[in-house]
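Undergrad: Sharing target15.txt, compact mmCIF, C-alpha atoms:
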```txt
# COMPACT_ATOMS: atom_id res chain seq x y z
CA MET A 271 24.79 49.70 37.75
CA SER A 272 21.21 49.96 36.40
CA CYS A 273 19.77 47.06 34.47
CA GLN A 274 19.61 49.21 31.32
CA HIS A 275 23.37 49.44 31.24
CA ARG A 276 24.29 45.95 32.34
CA SER A 277 26.37 44.01 29.80
CA HIS A 278 23.86 41.31 28.94
CA VAL A 279 25.22 38.34 26.97
CA VAL A 280 23.05 37.48 23.98
CA VAL A 281 23.74 34.42 21.81
CA VAL A 282 22.48 34.88 18.25
CA ALA A 283 22.28 31.54 16.41
CA PRO A 284 19.90 31.51 13.43
CA ASP A 285 19.74 29.22 10.43
CA SER A 286 19.74 30.75 6.95
CA PHE A 287 16.66 32.56 5.64
CA LYS A 288 16.51 30.67 2.36
CA GLY A 289 16.23 32.85 -0.71
CA SER A 290 17.36 35.98 1.10
CA LEU A 291 20.02 35.68 3.83
CA THR A 292 22.75 33.25 4.77
CA ALA A 293 22.92 32.22 8.41
CA LYS A 294 25.85 34.58 8.93
CA GLN A 295 24.00 37.48 7.33
CA ALA A 296 20.97 36.72 9.47
CA ALA A 297 23.10 36.58 12.62
CA ASP A 298 24.74 39.89 11.75
CA ALA A 299 21.36 41.56 11.14
CA ILE A 300 19.93 40.29 14.42
CA GLY A 301 23.06 41.37 16.25
CA ARG A 302 22.81 44.91 14.88
CA GLY A 303 19.22 45.18 16.04
CA VAL A 304 20.06 43.91 19.53
CA LEU A 305 22.88 46.41 19.89
CA ARG A 306 20.66 49.31 18.89
CA ALA A 307 18.44 48.46 21.85
CA LEU A 308 21.21 47.25 24.18
CA PRO A 309 24.45 49.09 23.27
CA GLN A 310 26.29 47.50 26.20
CA ALA A 311 25.29 43.95 25.32
CA ILE A 312 27.82 41.29 24.41
CA VAL A 313 26.51 39.62 21.25
CA ARG A 314 27.88 36.21 20.38
CA ALA A 315 27.07 35.30 16.78
CA TYR A 316 26.93 31.57 16.06
CA PRO A 317 25.39 30.98 12.60
CA MET A 318 23.66 27.60 12.49
CA ALA A 319 22.59 25.05 9.89
CA ASP A 320 20.93 21.66 9.97
CA GLY A 321 22.87 19.75 7.35
CA GLY A 322 21.64 21.71 4.36
CA GLU A 323 22.54 25.04 2.83
CA GLY A 324 24.88 27.00 5.10
CA THR A 325 26.48 23.99 6.77
CA LEU A 326 29.85 24.68 5.18
CA ASP A 327 29.76 28.31 6.33
CA ALA A 328 28.88 27.26 9.87
CA LEU A 329 31.73 24.77 10.12
CA VAL A 330 34.60 26.56 8.43
CA ARG A 331 34.75 29.12 11.21
CA ASP A 332 37.14 26.48 12.52
CA GLY A 333 39.12 25.96 9.33
CA SER A 334 39.33 27.11 5.74
CA ARG A 335 37.66 26.70 2.36
CA LEU A 336 39.12 24.52 -0.37
CA MET A 337 37.92 25.01 -3.95
CA VAL A 338 37.82 21.79 -5.95
CA SER A 339 36.74 20.73 -9.43
CA ALA A 340 33.50 18.77 -9.44
CA ARG A 341 30.61 17.97 -11.75
CA ASN A 342 27.23 19.53 -11.07
CA ALA A 343 23.92 17.68 -11.34
CA ALA A 344 23.93 18.17 -15.11
CA GLY A 345 27.38 16.57 -15.34
CA ASN A 346 29.21 19.79 -16.20
CA THR A 347 32.48 20.53 -14.43
CA THR A 348 32.67 23.58 -12.19
CA MET A 349 34.55 24.80 -9.11
CA VAL A 350 32.86 24.21 -5.78
CA ALA A 351 33.75 24.96 -2.17
CA THR A 352 34.58 22.28 0.38
CA GLY A 353 36.05 22.71 3.84
CA LEU A 354 39.22 21.74 5.67
CA LEU A 355 38.88 21.93 9.44
CA ASN A 356 41.64 22.46 11.97
CA ASP A 357 41.17 18.96 13.37
CA GLY A 358 42.25 17.45 10.06
CA SER A 359 38.80 16.57 8.76
CA GLY A 360 36.97 17.75 5.67
CA VAL A 361 33.46 19.01 4.93
CA ILE A 362 31.25 18.61 1.88
CA GLU A 363 27.96 20.45 1.43
CA VAL A 364 25.88 18.60 -1.16
CA ALA A 365 23.85 21.73 -1.89
CA GLU A 366 27.07 23.43 -2.99
CA ILE A 367 27.63 20.77 -5.66
CA VAL A 368 24.23 19.50 -6.84
CA GLY A 369 22.00 22.05 -5.14
CA ILE A 370 18.34 22.46 -5.96
CA THR A 371 18.87 26.21 -6.43
CA ASP A 372 21.38 25.69 -9.26
CA SER A 373 19.67 27.34 -12.24
CA GLU A 374 21.74 25.36 -14.76
CA ILE A 375 20.08 22.07 -13.94
CA THR A 376 16.46 23.19 -13.97
CA SER A 377 16.15 22.20 -17.63
CA VAL A 378 17.67 18.76 -16.99
CA PRO A 379 15.08 16.09 -16.06
CA VAL A 380 15.50 14.55 -12.64
CA SER A 381 15.92 11.18 -14.35
CA GLU A 382 19.16 12.46 -15.92
CA ARG A 383 20.71 14.27 -12.95
CA THR A 384 23.76 12.82 -11.26
CA THR A 385 25.72 12.97 -8.01
CA LEU A 386 29.07 12.37 -9.73
CA GLY A 387 30.26 15.70 -8.33
CA VAL A 388 29.82 14.56 -4.75
CA GLY A 389 32.19 11.71 -5.53
CA ASP A 390 34.58 14.19 -7.16
CA ALA A 391 34.63 16.25 -3.96
CA LEU A 392 35.20 13.16 -1.83
CA LEU A 393 38.18 12.20 -3.99
CA ALA A 394 39.63 15.71 -3.69
CA LEU A 395 39.47 15.52 0.11
CA LEU A 396 40.91 12.01 0.13
CA ASP A 397 43.83 13.41 -1.87
CA ARG A 398 44.35 15.86 1.02
CA LYS A 399 44.66 12.89 3.37
CA VAL A 400 41.85 13.99 5.67
CA LYS A 401 41.09 11.74 8.62
CA GLY A 402 37.33 12.16 8.38
CA ILE A 403 34.73 13.73 6.11
CA ALA A 404 31.40 15.23 7.13
CA ILE A 405 28.80 15.32 4.36
CA ALA A 406 25.83 17.67 4.69
CA LEU A 407 22.96 16.19 2.67
CA GLY A 408 20.25 18.85 2.58
CA GLY A 409 19.18 20.80 -0.49
CA SER A 410 20.03 18.33 -3.27
CA SER A 411 18.42 18.37 -6.72
CA THR A 412 19.22 14.72 -7.44
CA ASN A 413 17.41 11.40 -7.06
CA ASP A 414 19.93 8.75 -8.10
CA ALA A 415 20.42 6.82 -4.82
CA GLY A 416 24.03 7.98 -4.85
CA ALA A 417 24.87 5.98 -7.98
CA GLY A 418 26.76 8.92 -9.47
CA MET A 419 28.82 9.49 -6.33
CA LEU A 420 29.72 5.80 -6.10
CA SER A 421 30.67 5.71 -9.80
CA ALA A 422 33.07 8.61 -9.31
CA LEU A 423 34.60 6.56 -6.49
CA GLY A 424 35.13 3.51 -8.73
CA MET A 425 31.84 1.57 -8.88
CA ARG A 426 30.67 0.27 -12.28
CA LEU A 427 27.17 -0.65 -13.48
CA PHE A 428 26.27 -3.24 -16.12
CA ASP A 429 23.08 -4.34 -17.86
CA GLN A 430 21.99 -7.93 -18.62
CA TYR A 431 24.29 -8.09 -21.64
CA GLY A 432 27.36 -6.88 -19.77
CA ASN A 433 27.21 -3.41 -21.28
CA PRO A 434 28.26 -0.51 -19.01
CA LEU A 435 25.52 1.87 -17.87
CA PRO A 436 25.71 5.57 -16.94
CA PRO A 437 24.96 6.30 -13.26
CA ILE A 438 21.72 8.22 -13.81
CA PRO A 439 18.21 7.31 -12.59
CA SER A 440 16.89 6.48 -16.08
CA SER A 441 19.50 3.68 -16.34
CA LEU A 442 19.18 2.21 -12.86
CA GLY A 443 16.25 -0.03 -13.77
CA LYS A 444 18.47 -1.79 -16.32
CA VAL A 445 21.20 -2.66 -13.82
CA ARG A 446 21.85 -6.37 -13.46
CA ARG A 447 25.34 -6.29 -11.98
CA VAL A 448 27.25 -3.87 -9.80
CA ASP A 449 31.05 -4.08 -9.69
CA VAL A 450 32.55 -2.56 -6.53
CA SER A 451 36.01 -4.07 -6.89
CA ASN A 452 37.51 -0.73 -7.88
CA LEU A 453 35.97 1.43 -5.16
CA ASP A 454 38.66 3.75 -3.81
CA CYS A 455 40.35 1.80 -1.02
CA ARG A 456 41.16 5.00 0.88
CA LEU A 457 37.51 5.15 1.95
CA GLN A 458 38.18 2.30 4.37
CA GLY A 459 40.55 4.46 6.39
CA VAL A 460 38.34 7.54 6.67
CA ASP A 461 35.45 8.16 9.03
CA LEU A 462 32.38 9.35 7.12
CA LEU A 463 29.75 11.37 8.98
CA VAL A 464 26.43 12.15 7.34
CA MET A 465 24.63 15.25 8.57
CA SER A 466 20.90 15.14 7.90
CA ASP A 467 17.56 15.72 9.59
CA VAL A 468 15.76 13.24 7.32
CA ASP A 469 14.77 9.78 8.58
CA ASN A 470 13.06 8.45 5.44
CA PRO A 471 13.93 5.05 3.90
CA LEU A 472 15.19 4.87 0.32
CA THR A 473 11.99 3.70 -1.37
CA GLY A 474 8.28 3.32 -0.80
CA ARG A 475 5.59 5.80 0.24
CA GLN A 476 7.94 7.53 2.65
CA GLY A 477 10.98 7.14 0.40
CA ALA A 478 13.20 9.63 -1.39
CA THR A 479 11.21 9.77 -4.63
CA ALA A 480 7.69 9.89 -3.19
CA VAL A 481 8.39 12.44 -0.47
CA PHE A 482 11.11 14.67 -1.89
CA GLY A 483 10.90 14.01 -5.62
CA PRO A 484 8.04 16.46 -6.36
CA GLN A 485 10.02 19.45 -5.09
CA LYS A 486 12.78 18.47 -7.52
CA GLY A 487 10.48 18.21 -10.51
CA VAL A 488 9.26 14.61 -10.33
CA THR A 489 5.69 14.31 -11.58
CA THR A 490 3.08 12.05 -9.99
CA ALA A 491 3.32 9.66 -12.93
CA GLN A 492 7.10 9.42 -12.57
CA VAL A 493 7.17 8.56 -8.85
CA GLY A 494 6.46 4.84 -9.26
CA PRO A 495 8.91 4.15 -12.12
CA LEU A 496 11.73 6.18 -10.51
CA ASP A 497 11.15 4.46 -7.19
CA ASP A 498 11.39 1.04 -8.87
CA GLN A 499 14.63 2.06 -10.62
CA LEU A 500 16.23 3.08 -7.32
CA ALA A 501 15.08 -0.14 -5.68
CA ASN A 502 16.59 -2.23 -8.48
CA PHE A 503 19.96 -0.52 -8.23
CA ALA A 504 19.96 -0.70 -4.44
CA THR A 505 19.22 -4.42 -4.44
CA HIS A 506 22.15 -5.15 -6.78
CA LEU A 507 24.49 -2.87 -4.81
CA GLU A 508 23.51 -4.59 -1.56
CA HIS A 509 24.23 -7.96 -3.18
CA ALA A 510 27.66 -6.73 -4.28
CA LEU A 511 28.60 -5.38 -0.85
CA GLY A 512 26.94 -8.08 1.23
CA PHE A 513 24.61 -6.08 3.46
CA THR A 514 21.44 -3.98 3.27
CA ALA A 515 20.52 -0.36 3.97
CA GLN A 516 17.48 0.45 1.85
CA ASP A 517 15.15 0.55 4.84
CA ALA A 518 17.56 2.26 7.21
CA SER A 519 16.58 5.59 8.73
CA GLY A 520 17.96 8.38 6.58
CA ALA A 521 18.59 6.23 3.50
CA GLY A 522 16.21 8.46 1.53
CA ALA A 523 18.05 11.68 2.34
CA ALA A 524 19.27 13.73 -0.63
CA GLY A 525 17.58 11.55 -3.22
CA GLY A 526 19.16 8.41 -1.81
CA LEU A 527 22.66 9.72 -1.15
CA GLY A 528 22.02 8.70 2.44
CA PHE A 529 21.66 5.10 1.28
CA ALA A 530 24.89 5.13 -0.75
CA LEU A 531 26.87 6.67 2.08
CA LYS A 532 25.49 4.14 4.55
CA MET A 533 26.68 1.43 2.17
CA LEU A 534 30.14 2.97 2.50
CA GLY A 535 29.90 2.71 6.28
CA ALA A 536 28.95 6.29 7.08
CA LYS A 537 27.40 7.15 10.42
CA VAL A 538 24.35 9.42 10.48
CA HIS A 539 24.01 12.31 12.90
CA SER A 540 21.40 15.04 13.21
CA GLY A 541 22.76 17.89 11.12
CA ALA A 542 21.90 20.63 13.60
CA GLU A 543 23.24 18.63 16.55
CA ALA A 544 26.50 17.90 14.75
CA ILE A 545 26.98 21.55 13.89
CA ALA A 546 26.10 22.71 17.39
CA ASP A 547 28.80 20.40 18.71
CA ALA A 548 31.33 21.48 16.10
CA ILE A 549 30.93 25.20 16.80
CA ASP A 550 30.87 24.76 20.62
CA LEU A 551 27.41 26.24 20.94
CA ASP A 552 27.01 24.98 24.51
CA GLU A 553 30.10 26.89 25.61
CA ALA A 554 28.67 30.10 24.17
CA LEU A 555 25.41 29.54 26.09
CA VAL A 556 26.91 28.76 29.50
CA ASP A 557 26.84 32.33 30.87
CA ALA A 558 24.35 33.82 28.41
CA ASP A 559 21.30 35.79 29.49
CA TRP A 560 19.25 35.30 26.33
CA ALA A 561 19.42 33.50 22.98
CA ILE A 562 17.80 34.35 19.65
CA THR A 563 17.39 31.94 16.77
CA GLY A 564 15.33 31.83 13.60
CA GLU A 565 14.88 30.58 10.04
CA GLY A 566 13.03 31.48 6.86
CA ARG A 567 9.77 29.87 7.98
CA SER A 568 8.94 28.14 11.24
CA ASP A 569 6.24 25.47 11.53
CA GLY A 570 5.77 22.00 12.96
CA GLN A 571 8.86 20.76 11.10
CA THR A 572 10.98 23.13 13.18
CA LEU A 573 10.42 20.89 16.19
CA ARG A 574 11.74 17.83 14.34
CA GLY A 575 15.41 18.62 14.87
CA LYS A 576 15.77 21.83 12.88
CA ALA A 577 18.50 24.28 13.93
CA PRO A 578 16.24 26.63 15.95
CA TYR A 579 14.87 23.72 17.97
CA VAL A 580 18.34 22.36 18.71
CA LEU A 581 19.45 25.81 19.90
CA CYS A 582 16.34 26.08 22.07
CA GLN A 583 16.82 22.67 23.68
CA ARG A 584 20.45 23.33 24.48
CA ALA A 585 19.64 26.77 25.87
CA ARG A 586 16.89 25.31 28.05
CA LYS A 587 19.29 22.83 29.64
CA LEU A 588 21.40 25.82 30.69
CA THR A 589 18.33 27.81 31.85
CA VAL A 590 18.78 30.37 29.06
CA PRO A 591 15.53 31.65 27.52
CA ALA A 592 15.51 31.33 23.72
CA SER A 593 13.28 33.36 21.40
CA LEU A 594 12.36 32.61 17.80
CA LEU A 595 12.58 35.29 15.10
CA SER A 596 11.72 33.96 11.63
CA GLY A 597 10.63 35.21 8.26
CA ALA A 598 7.21 33.64 8.80
CA ILE A 599 5.51 31.73 11.62
CA ASP A 600 2.87 29.14 10.79
CA ALA A 601 -0.18 30.16 12.86
CA LYS A 602 -1.37 26.57 13.31
CA SER A 603 2.02 25.56 14.70
CA LEU A 604 2.28 28.49 17.12
CA PRO A 605 0.84 26.65 20.16
CA ALA A 606 3.43 23.88 19.76
CA LEU A 607 6.26 26.34 19.15
CA ASN A 608 5.24 28.35 22.23
CA GLN A 609 5.87 25.33 24.41
CA HIS A 610 9.58 25.62 23.64
CA PHE A 611 10.42 29.21 22.73
CA ALA A 612 10.28 32.34 24.87
CA GLY A 613 8.25 34.20 22.28
CA CYS A 614 7.86 33.56 18.55
CA PHE A 615 8.06 36.52 16.18
CA SER A 616 7.88 37.16 12.44
CA ILE A 617 10.02 39.83 10.81
CA VAL A 618 7.31 40.91 8.36
CA PRO A 619 6.01 44.38 9.39
CA GLY A 620 2.66 43.98 7.65
CA PRO A 621 1.02 42.90 4.38
CA ILE A 622 3.83 42.84 1.82
CA ALA A 623 4.74 41.14 -1.44
CA LEU A 624 7.08 38.15 -1.14
CA THR A 625 9.61 39.74 -3.50
CA GLU A 626 9.84 42.86 -1.34
CA SER A 627 10.03 40.80 1.83
CA LEU A 628 12.98 38.83 0.45
CA ALA A 629 14.71 41.96 -0.82
CA GLN A 630 14.45 43.74 2.53
CA ALA A 631 14.91 40.76 4.81
CA ASP A 632 18.09 42.22 6.29
CA VAL A 633 16.34 45.45 7.32
CA PHE A 634 13.20 43.73 8.56
CA LEU A 635 15.23 41.25 10.59
CA SER A 636 17.34 43.93 12.22
CA ASN A 637 14.32 46.09 13.05
CA ALA A 638 12.39 43.19 14.54
CA ALA A 639 15.40 42.13 16.61
CA GLU A 640 15.69 45.67 18.00
CA GLN A 641 12.06 45.68 19.11
CA MET A 642 12.41 42.23 20.66
CA ALA A 643 15.49 43.39 22.56
CA ARG A 644 13.70 46.49 23.85
CA LEU A 645 10.85 44.33 25.11
CA TRP A 646 13.25 41.82 26.63
CA ALA A 647 15.24 44.61 28.33
CA ALA A 648 12.05 46.08 29.82
CA ALA A 649 10.99 42.66 31.16
CA SER A 650 14.48 42.06 32.52
CA CYS A 651 14.45 45.36 34.37
CA ALA A 652 10.98 44.72 35.76
CA SER A 653 12.12 41.38 37.15
CA GLY A 654 15.27 42.88 38.60
CA GLY A 655 17.58 41.28 35.97
```
Since I need it in another form, could you write the structure as structure tokens?
TA:
Amino acid sequence: MSCQHRSHVVVVAPDSFKGSLTAKQAADAIGRGVLRALPQAIVRAYPMADGGEGTLDALVRDGSRLMVSARNAAGNTTMVATGLLNDGSGVIEVAEIVGITDSEITSVPVSERTTLGVGDALLALLDRKVKGIAIALGGSSTNDAGAGMLSALGMRLFDQYGNPLPPIPSSLGKVRRVDVSNLDCRLQGVDLLVMSDVDNPLTGRQGATAVFGPQKGVTTAQVGPLDDQLANFATHLEHALGFTAQDASGAGAAGGLGFALKMLGAKVHSGAEAIADAIDLDEALVDADWAITGEGRSDGQTLRGKAPYVLCQRARKLTVPASLLSGAIDAKSLPALNQHFAGCFSIVPGPIALTESLAQADVFLSNAAEQMARLWAAASCASGG
């Protein structure tokens, strides 16, 4: 059999192309392009995520979706998707509940946004008697240190006069007492796993507000006051629960949700690593000839545990070459990326407006994948593969 007709095994495992394609849509587009060049190839599609948008989609391939009632970042009730996996555990994607792309909350100041809905989703899964809950933290629009989530679970906040306070950032500086006596006791019997690629502490120069606040609408003048408000709440919560987590790695994830979940005993795991394990990515790579991954934009951050990097590292351990196909490749980061990937490619065919690029991402991705596959097939033949 000639090498052109050999049934090559190609693992396709991209992250989402934010603003244009989900990880599944991206995987499907890449797969179509590969098959146009290699009709006999066996394409294994394994959509990835790193703990942000798309995590739920990646995990429920082994389970089902469960729609639950939860409050969004503006405090308005809506229906959101969670996941029930076949092993009896549940999944919550924070971006699905209080996501930064939710147009309804753009007019609500960050100081008034809440994570109550994350607590609502946790309660809904506890009602289903799950044995564990994985919470994907990426893509949140909130900055309340998880006060809203904890309030939905039974925590209460009080000012110096004993008056109850709402669990929003603008009130957290007034907190003088935190009552945790009514926290849902079922939390003690459930394993909580936080999926995140963020290692920031809760407060300070590298904290949630200073680093991630600006992309959520926090102005330079607001950073200091909001940071102080989170620190005040966290100190009183730590006093109530008897231990500290403000400075722990990942406490600043999702506007401080990482801190609140750590205070509930959650364990933190790299989002991309956790998902790779959950979808049995290693098994798919064992006898593969080639792997393709990608994301909306690749740069130096890609090598800090993002989904494409995790795929690449796992493929390398199994001697499978992995190529990167992304919406854009940062030129300055290319030398570093080249040390890990067997070729780094952008899907953009030439100078083009961003709106058109987003609108035609599916076509561009498929076309670029086809050309990559033709090149790879030619190299494989030349080497006797």
Undergrad: With stretch 404-426 of chain A as the partner and 10 Å as the cut-off, tabulate the residues of stretch 497-607 of chain A that qualify, each row holding the nearest pair of atoms and their distance in Å to one decimal, using only C-alpha atoms, sorted by chain and rising number, as a tab-separated table.
TA:
```
residue	atom	partner	partner_atom	distance
A:Asp497	CA	A:Asn413	CA	9.3
A:Gln499	CA	A:Asp414	CA	8.9
A:Leu500	CA	A:Ala415	CA	6.1
A:Ala501	CA	A:Ala415	CA	8.8
A:Phe503	CA	A:Ala415	CA	8.1
A:Ala504	CA	A:Ala415	CA	7.5
A:Leu507	CA	A:Ala417	CA	9.4
A:Gln516	CA	A:Ala415	CA	9.7
A:Ala521	CA	A:Ala415	CA	8.5
A:Gly522	CA	A:Ala415	CA	7.8
A:Ala523	CA	A:Leu407	CA	6.7
A:Ala524	CA	A:Ser410	CA	5.4
A:Gly525	CA	A:Asn413	CA	3.8
A:Gly526	CA	A:Ala415	CA	3.6
A:Leu527	CA	A:Gly416	CA	4.3
A:Gly528	CA	A:Leu407	CA	7.6
A:Phe529	CA	A:Ala415	CA	6.5
A:Ala530	CA	A:Gly416	CA	5.1
A:Leu531	CA	A:Gly416	CA	7.6
A:Met533	CA	A:Leu420	CA	9.8
A:Leu534	CA	A:Leu420	CA	9.1
A:Ala536	CA	A:Ala404	CA	9.3
A:Lys537	CA	A:Ala404	CA	9.6
A:Val538	CA	A:Ile405	CA	9.6
A:His539	CA	A:Ala404	CA	9.8
A:Ser540	CA	A:Ala406	CA	10.0
A:Gly541	CA	A:Ala406	CA	7.1
A:Ala544	CA	A:Ala404	CA	9.4
```
Undergrad: A:Thr385, A:Ser596, A:Ser440, A:Gln583: which is nearest A:Glu565, counting only C-alpha atoms?
TA: A:Ser596
Undergrad: Excluding A:Arg586 and its own-chain neighbours fewer than 6 positions away, which residues fall within 10 Å of it when counting only C-alpha atoms? Please give them as a compact mmCIF listing (two decimals) with C-alpha atoms, in the frame of the given file.
TA:
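Saved the output as out.txt:
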```txt
# COMPACT_ATOMS: atom_id res chain seq x y z
CA LEU A 555 25.41 29.54 26.09
CA ALA A 561 19.42 33.50 22.98
CA VAL A 580 18.34 22.36 18.71
CA ALA A 592 15.51 31.33 23.72
CA HIS A 610 9.58 25.62 23.64
CA PHE A 611 10.42 29.21 22.73
```
Undergrad: Within 10 Å of A:Ile375, counting all atoms listed in the file, which residues qualify if same-chain residues fewer than 3 places away don't, as a PyMOL selection string?
TA: chain A and resi 342-346+368-372+378-380+382-383+411-412
Undergrad: Please determine, counting all atoms listed in the file, which residue among A:Asp390, A:Asp285, A:Asp429, A:Asp498 has the shortest atom-to-atom distance to A:Leu594.
TA: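 When distances to A:Leu594 are compared using all atoms listed in the file, the smallest one comes from A:Asp285.
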Undergrad: Would you work out the distance separating atom CA of A:Glu553 from atom CA of A:Pro317, expressed in Å to one decimal?
TA: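 Going from atom CA of A:Glu553 over to atom CA of A:Pro317, I get 14.4 Å.
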Undergrad: What is the atom CA of A:Gly303-atom CA of A:Ile562 distance in Å, reported with one decimal?
TA: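 Computing the Euclidean distance for atom CA of A:Gly303 and atom CA of A:Ile562 yields 11.5 Å.
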Undergrad: From the set A:Pro591, A:Ala546, A:Gly620, A:Asn608, which residue has the shortest atom-to-atom contact distance to A:Gly570, counting all atoms listed in the file?
TA: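 Looking at the shortest contact to A:Gly570, the residue is A:Asn608.
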Undergrad: Ranking A:Thr348, A:Gly520, A:Asp357, A:Val281 by minimum distance to A:Glu374 and counting all atoms listed in the file, which one comes first?
TA: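 Closest candidate: A:Thr348.
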Undergrad: Determine the nearest neighbour of A:Asp559 from the options A:Ile599, A:Ala585, A:Leu457, A:Leu291, counting only C-alpha atoms.
TA: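 Using only C-alpha atoms, the shortest distance to A:Asp559 belongs to A:Ala585.
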Undergrad: With a distance cut-off of 9 Å and all atoms listed in the file, select the neighbouring residues of A:Val280, excluding the residue or stretch itself and same-chain residues fewer than 2 positions from it, and output the selection as a list in words.
TA: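 Residues meeting the cut-off are His278, Val282, Gly301, Val304, Ala311, Ile312, Val313, Arg314, Ala315, Leu555, Ala558, Asp559, Trp560, Ala561 and Ile562 of chain A.
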Undergrad: To box stretch 344-353 of chain A, take all atoms listed in the file, fit an axis-aligned box, add 3 Å on each side, and give centre and edge lengths in Å to one decimal, as JSON.
TA:
```
{"center_x": 30.0, "center_y": 20.8, "center_z": -6.2, "size_x": 18.1, "size_y": 14.4, "size_z": 26.0}
```
Undergrad: When distances are computed from only C-alpha atoms, which of A:Leu427, A:Leu453, A:Ala631, A:Ala643 shows the smallest separation from A:Gly566?
TA: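 Distance minimum relative to A:Gly566 lands on A:Ala631.
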